[in-house]
Amino acid sequence: MEFREPAGNNIFDNARIVGKAHPRIDGPLKVSGTAPYAYERHDVVDGQLYGYPVGAAIPKGRVTAIDAEAARAAPGVHAVVTTLEIEPLGIWDYNVARLFGGDVVEHYHQAIAVVVADTFEQARAAAALVSATYEAEEADVDLDAAFDRLLGTGEPSTMVGDVETAFAEAAVTLDEMYRTPSQTHAMMEPHASIVDWSDGGQMTIWTSNQMINWNRQALATTFGIDIDRIRVESPYIGGGFGGKLWLRADEVLGALGSRAAGRPVKIALPRPFMINNTTHRSGTVQRIRLAADADGRLTAIDHEAASHTLPGGRGEDATAQTPYFYAAPNRRVIHHLVDMNLPEASDMRAPGETSGLMALEIAMDEMAEKLGMDPVEFRKVNDTQVDPSDPDVPFSDRHFVECLDTGAEAFGWAGRNTAPGATRDGMWLIGHGMAGAYRGSPTLDSGARVRLSGGRLTVETDMTDIGTGAYTIIAQTAAETMGLPLEAVEVKLGNSAYPVSSGSGGQFGASSSTAGTYAACVALQRMICERLGVDEARFEDGRVLAEEIDRPLSEISNEELVAEDTMTFGDFKGDYVLATFGAHFVEVGVHVGTGEIRVRRMLAVCDSGRILNPVTARSQVIGAMVMGLGGALSEELAVDTGRAFFVNHDLAGYEVAVHADVGAQEVIFLDTLDPVSTPLKAKGIGELGLCGVAAAIANAAYNATGIRVRDYPVTLDKML
Ligand code: MOS
């Protein structure tokens with residue numbers, strides 16, 4: 001089915017199941033420990049061995065020799081595979097890091113060997129016996145210096161009007177630098193796989209990956225084998241946040257180890273490898289200049305940012321939102337991507353906007369203060385319903401002003417003390433801050449297969465559930481479309497034997513995969529109509545109704561009916577900007593003695609199309625708010641500038657926030673309908689929830705203390 005034009009008002013508008021609160025259907029499996037995660041699949045193949053990786057000890061250069069004799073002789077060891085024995089493996093389109101093979105080292109902890117043994121402890125002990133010699137080269141990891149060199153150079157991605165004249169003529173201007181550190185996904189479950197490539201023929205992988213079909217393609221390219229020889233299963237995933245969009249060393253080392261040992265191999269990347277071997281969010285340096293007239297209308301926005309990655313990678317484009325978020329007739333936007341020998345920088349939840357809004361939304365707060373305006377009002381004045389660079393292109397559905405108004409009202413924003421450092425509660429200085437949120441909302445083609453048998457429906461799609469609630473919203477969509485109760489639907493995900501879906505990423509998963517499920521159900525409806533000899537029918541209360549016909553779905557056919565389809569999206573979407581919007585309001589306390597910042601309460605208002613399930617959507621947003629709190633106050637990958645690696649490579653040194661770090665959280669959904677997004681009029685929510693959070697906290701800390709911090713994280717030493 002192709003989605004060719006804005007959805008009419010007749011689809012899902014009287015929904016009984018979609019849009020309603022349902023606890024996640026996979027919840028009982030998870031809380032009872034019976035959801036099978038990759039590393040726990042002891043049941044799938046016999047004779048599993050354990051793999052353990054060895055990482056390079058230099059950031060750049062060549063491996064000249066590897067001595068694996070002692071490891072090979074160690075107790076329980078079945079095989080050791082070193083990078084020098086293997087030709088450089090292929091690199092798939094969206095990856096740039098070398099995962100294995102050859103002597104070139106591009107980053108610290110690039111995998112150089114894998115040890116396979118009977119037990120985990122034997123594999124780890126033997127891995128410690130592998131030694132390597134290197135020819136090391138200098139690695140430059142100074143992003144600030146690179147930004148200084150690049151400032152004002154290069155071709156802007158957006159260049160509209162006359163920025164310099166606007167600055168010269170403006171009533172009020174701002175010109176500030178902002179910095180965000182590199183961050184790691186820090187998902188609870190590490191990259192983990194069981195790989196059976198025992199005979200070097202069929203490759204079967206039980207893994208933890210957000211994108212089943214990308215994963216298969218990446219494996220085929222990496223090993224130069226036919227994609228049909230590869231089977232991938234990833235039904236349960238203990239968090240991804242973008243870190244599991246890609247093929248990583250666990251699968252590659254597992255495959256090579258399995259082939260060498262002639263047995264299936266299970267391997268989980270140790271936590272230090274999660275930091276320095278897999279991907280991370282790049283740090284950014286950003287210069288933001290704003291110009292406004294005396295009424296607070298922005299006349300110019302100039303956003304120049306830099307991030308780093310391995311050559312060919314994407315880094316973190318902190319300017320992603322700047323072309324679209326606020327009106328201003330003159331604008332210049334440019335992102336400098338700097339090649340650096342740190343591990344590959346790539347996508348992490350809301351890549352681009354997260355870091356961009358950490359800076360831009362502080363700048364907006366500063367500018368409002370310079371103008372003597374309320375920061376909510378300042379944002380409202382600069383709202384736009386069209387692409388500011390191309391007024392012929394409207395937003396498909398944008399309710400940013402309603403987010404601001406709703407949030408201000410619910411939070412009690414009008415009652416705050418606008419004077420910084422002037423509100424005290426015992427030993428705590430109290431502050432209030434807010435920020436706007438923006439995140440693009442793409443869709444990807446998404447397929448599904450549905451099976452109807454005895455009145456029960458099974459949905460099969462290679463879509464994944466990374467903790468988001470995908471199982472549940474897909475079941476709701478299928479039940480709604482087929483007129484069945486939710487209990488009559490079973491959802492099977494994360495298997496390459498099922499139709500190719502959008503997968504989970506870029507907050508496209510929920511909207512795309514439910515659209516694909518809808519398409520497959522419509523194909524099944526058509527099949528049933530043909531059998532009944534009618535042109536159309538209604539599907540309600542477990543029955544099919546058409547003309548004279550009123551039959552239970554359980555009595556349509558003696559054999560199983562199977563239908564499959566893929567939702568594709570027509571070119572018409574290019575006539576619109578599709579995005580999601582929000583507003584965050586935060587109250588903090590800053591301790592007058594220690595500078596400790598505690599977040600007392602947080603409110604998010606979200607405009608992201610139809611909310612498919614308010615329970616799972618809220619769960620996404622409150623989780624994202626906590627992640628934003630970590631980004632504001634504690635998360636930072638510290639770079640050893642001499643040796644070029646991330647020093648705090650574990651969960652003791654990399655400090656992630658938890659729900660107990662927040663006093664109270666509230667989420668309000670506007671529950672809008674975006675007719676351009678999908679037939680269900682739904683958009684993404686999981687990444688929107690993170691956007692703007694950190695700036696709202698930094699702005700609240702400023703309101704509490706009068707101290708403006710532009711370098712994240714806002715640690716207590718910066719408050720003293
Ligand atoms: Mo998201 S960073 O595309 O999983």
# chains A, B, ... in the order shown; residues from 1 in each chain; ligands from 1
>>> residues_around(residues="Thr354 of chain A", least_positions_apart="5", cutoff="9 Å", atoms="only C-alpha atoms", output="list in words")
Ala318, Met348, Arg349, Arg439, Gly628, Glu687, Leu688, Leu690, Cys691, Gly692, Val693 and Ala694 of chain A
>>> write_last_selection(atoms="N, CA and C atoms", output="PDB file, in the first residue's frame")
ATOM      1  N   ALA A 318      24.739  19.286  15.339  1.00  0.00           N
ATOM      2  CA  ALA A 318      23.995  20.076  16.330  1.00  0.00           C
ATOM      3  C   ALA A 318      23.182  21.193  15.694  1.00  0.00           C
ATOM      4  N   MET A 348      22.924   8.714  18.496  1.00  0.00           N
ATOM      5  CA  MET A 348      22.391   8.417  19.825  1.00  0.00           C
ATOM      6  C   MET A 348      21.113   9.231  19.963  1.00  0.00           C
ATOM      7  N   ARG A 349      20.131   8.647  20.568  1.00  0.00           N
ATOM      8  CA  ARG A 349      18.781   9.213  20.728  1.00  0.00           C
ATOM      9  C   ARG A 349      18.671  10.699  20.332  1.00  0.00           C
ATOM     10  N   ARG A 439      12.038  17.912  17.080  1.00  0.00           N
ATOM     11  CA  ARG A 439      12.716  16.735  16.544  1.00  0.00           C
ATOM     12  C   ARG A 439      12.016  16.324  15.252  1.00  0.00           C
ATOM     13  N   GLY A 628      17.777  13.208  29.739  1.00  0.00           N
ATOM     14  CA  GLY A 628      18.141  14.613  29.563  1.00  0.00           C
ATOM     15  C   GLY A 628      18.723  15.203  30.839  1.00  0.00           C
ATOM     16  N   GLU A 687      12.215  10.208  20.898  1.00  0.00           N
ATOM     17  CA  GLU A 687      13.380  11.090  20.848  1.00  0.00           C
ATOM     18  C   GLU A 687      13.000  12.522  21.205  1.00  0.00           C
ATOM     19  N   LEU A 688      11.766  12.906  20.860  1.00  0.00           N
ATOM     20  CA  LEU A 688      11.288  14.252  21.210  1.00  0.00           C
ATOM     21  C   LEU A 688      11.442  14.506  22.708  1.00  0.00           C
ATOM     22  N   LEU A 690      13.565  13.789  24.783  1.00  0.00           N
ATOM     23  CA  LEU A 690      14.914  14.154  25.235  1.00  0.00           C
ATOM     24  C   LEU A 690      15.287  15.573  24.818  1.00  0.00           C
ATOM     25  N   CYS A 691      14.686  16.039  23.720  1.00  0.00           N
ATOM     26  CA  CYS A 691      15.124  17.299  23.111  1.00  0.00           C
ATOM     27  C   CYS A 691      14.747  18.487  23.992  1.00  0.00           C
ATOM     28  N   GLY A 692      15.704  19.309  24.333  1.00  0.00           N
ATOM     29  CA  GLY A 692      15.435  20.521  25.110  1.00  0.00           C
ATOM     30  C   GLY A 692      15.521  20.345  26.612  1.00  0.00           C
ATOM     31  N   VAL A 693      15.486  19.098  27.100  1.00  0.00           N
ATOM     32  CA  VAL A 693      15.443  18.859  28.548  1.00  0.00           C
ATOM     33  C   VAL A 693      16.657  19.482  29.251  1.00  0.00           C
ATOM     34  N   ALA A 694      17.839  19.197  28.709  1.00  0.00           N
ATOM     35  CA  ALA A 694      19.063  19.644  29.395  1.00  0.00           C
ATOM     36  C   ALA A 694      19.111  21.168  29.482  1.00  0.00           C
TER      37      ALA A 694
END
>>> closest_atom_pairs(of="chain A", to="ligand 1", cutoff="6 Å", atoms="only C-alpha atoms and all ligand atoms", output="JSON lines")
{"residue": "A:Phe241", "atom": "CA", "partner": "ligand 1", "partner_atom_place_in_ligand_line": "4 (O)", "distance": 4.5}
{"residue": "A:Gly242", "atom": "CA", "partner": "ligand 1", "partner_atom_place_in_ligand_line": "4 (O)", "distance": 3.1}
{"residue": "A:Asp347", "atom": "CA", "partner": "ligand 1", "partner_atom_place_in_ligand_line": "2 (S)", "distance": 4.3}
{"residue": "A:Met348", "atom": "CA", "partner": "ligand 1", "partner_atom_place_in_ligand_line": "2 (S)", "distance": 3.7}
{"residue": "A:Arg349", "atom": "CA", "partner": "ligand 1", "partner_atom_place_in_ligand_line": "2 (S)", "distance": 3.7}
{"residue": "A:Ala350", "atom": "CA", "partner": "ligand 1", "partner_atom_place_in_ligand_line": "2 (S)", "distance": 5.4}
{"residue": "A:Pro351", "atom": "CA", "partner": "ligand 1", "partner_atom_place_in_ligand_line": "2 (S)", "distance": 5.5}
{"residue": "A:Gly505", "atom": "CA", "partner": "ligand 1", "partner_atom_place_in_ligand_line": "3 (O)", "distance": 3.4}
{"residue": "A:Gly506", "atom": "CA", "partner": "ligand 1", "partner_atom_place_in_ligand_line": "3 (O)", "distance": 3.4}
>>> residues_around(residues="segment 698-715 of chain A", least_positions_apart="2", cutoff="6 Å", atoms="only C-alpha atoms", output="VMD selection string")
chain A and resid 178 to 180 420 to 421 429 to 433 632 to 634 695 to 696 717 to 718
>>> write_last_selection(atoms="C-alpha atoms", output="short mmCIF file (atom, residue, chain, number, x, y, z; two decimals), in the first residue's frame")
data_model
loop_
_atom_site.label_atom_id
_atom_site.label_comp_id
_atom_site.auth_asym_id
_atom_site.auth_seq_id
_atom_site.Cartn_x
_atom_site.Cartn_y
_atom_site.Cartn_z
CA TYR A 178 28.50 26.37 23.89
CA ARG A 179 30.02 22.93 24.41
CA THR A 180 28.44 19.50 24.82
CA PRO A 420 18.05 35.13 39.28
CA GLY A 421 19.35 33.97 42.63
CA LEU A 429 18.31 28.30 45.92
CA ILE A 430 15.22 27.61 43.83
CA GLY A 431 15.07 28.21 40.08
CA HIS A 432 12.68 27.67 37.22
CA GLY A 433 13.61 27.17 33.59
CA ALA A 632 22.45 18.23 31.82
CA LEU A 633 24.16 17.39 35.08
CA SER A 634 26.49 14.39 34.88
CA ALA A 695 18.72 23.32 28.43
CA ALA A 696 15.57 23.67 30.56
CA ASP A 717 31.89 22.99 40.69
CA LYS A 718 30.51 25.35 38.04
#
>>> select_by_dssp(residues="segment 415-486 of chain A", states="helix (DSSP H, G or I)", output="PyMOL selection string")
chain A and resi 415+470-482+486
>>> closest_residue(among="A:Leu256, A:Met187, A:Met1, A:Ile668", to="Val115 of chain A", atoms="only C-alpha atoms")
A:Leu256
>>> select_by_dssp(residues="segment 411-469 of chain A", states="strand (DSSP E or B)", output="PyMOL selection string")
chain A and resi 424-425+428-440+446-453+456-460
>>> closest_residue(among="A:Ala249, A:Ile275, A:Ala7, A:Leu342", to="Val114 of chain A", atoms="only C-alpha atoms")
A:Ala249
>>> closest_residue(among="A:Leu651, A:Met463, A:Ala363, A:Ala515", to="Ser502 of chain A", atoms="only C-alpha atoms")
A:Met463
>>> closest_residue(among="A:Gly631, A:Ala145, A:Val522, A:Ala56", to="Leu357 of chain A", atoms="only C-alpha atoms")
A:Gly631
>>> closest_residue(among="A:Ala437, A:Leu561, A:Ile301, A:Ala638", to="Gly582 of chain A", atoms="only C-alpha atoms")
A:Ala437
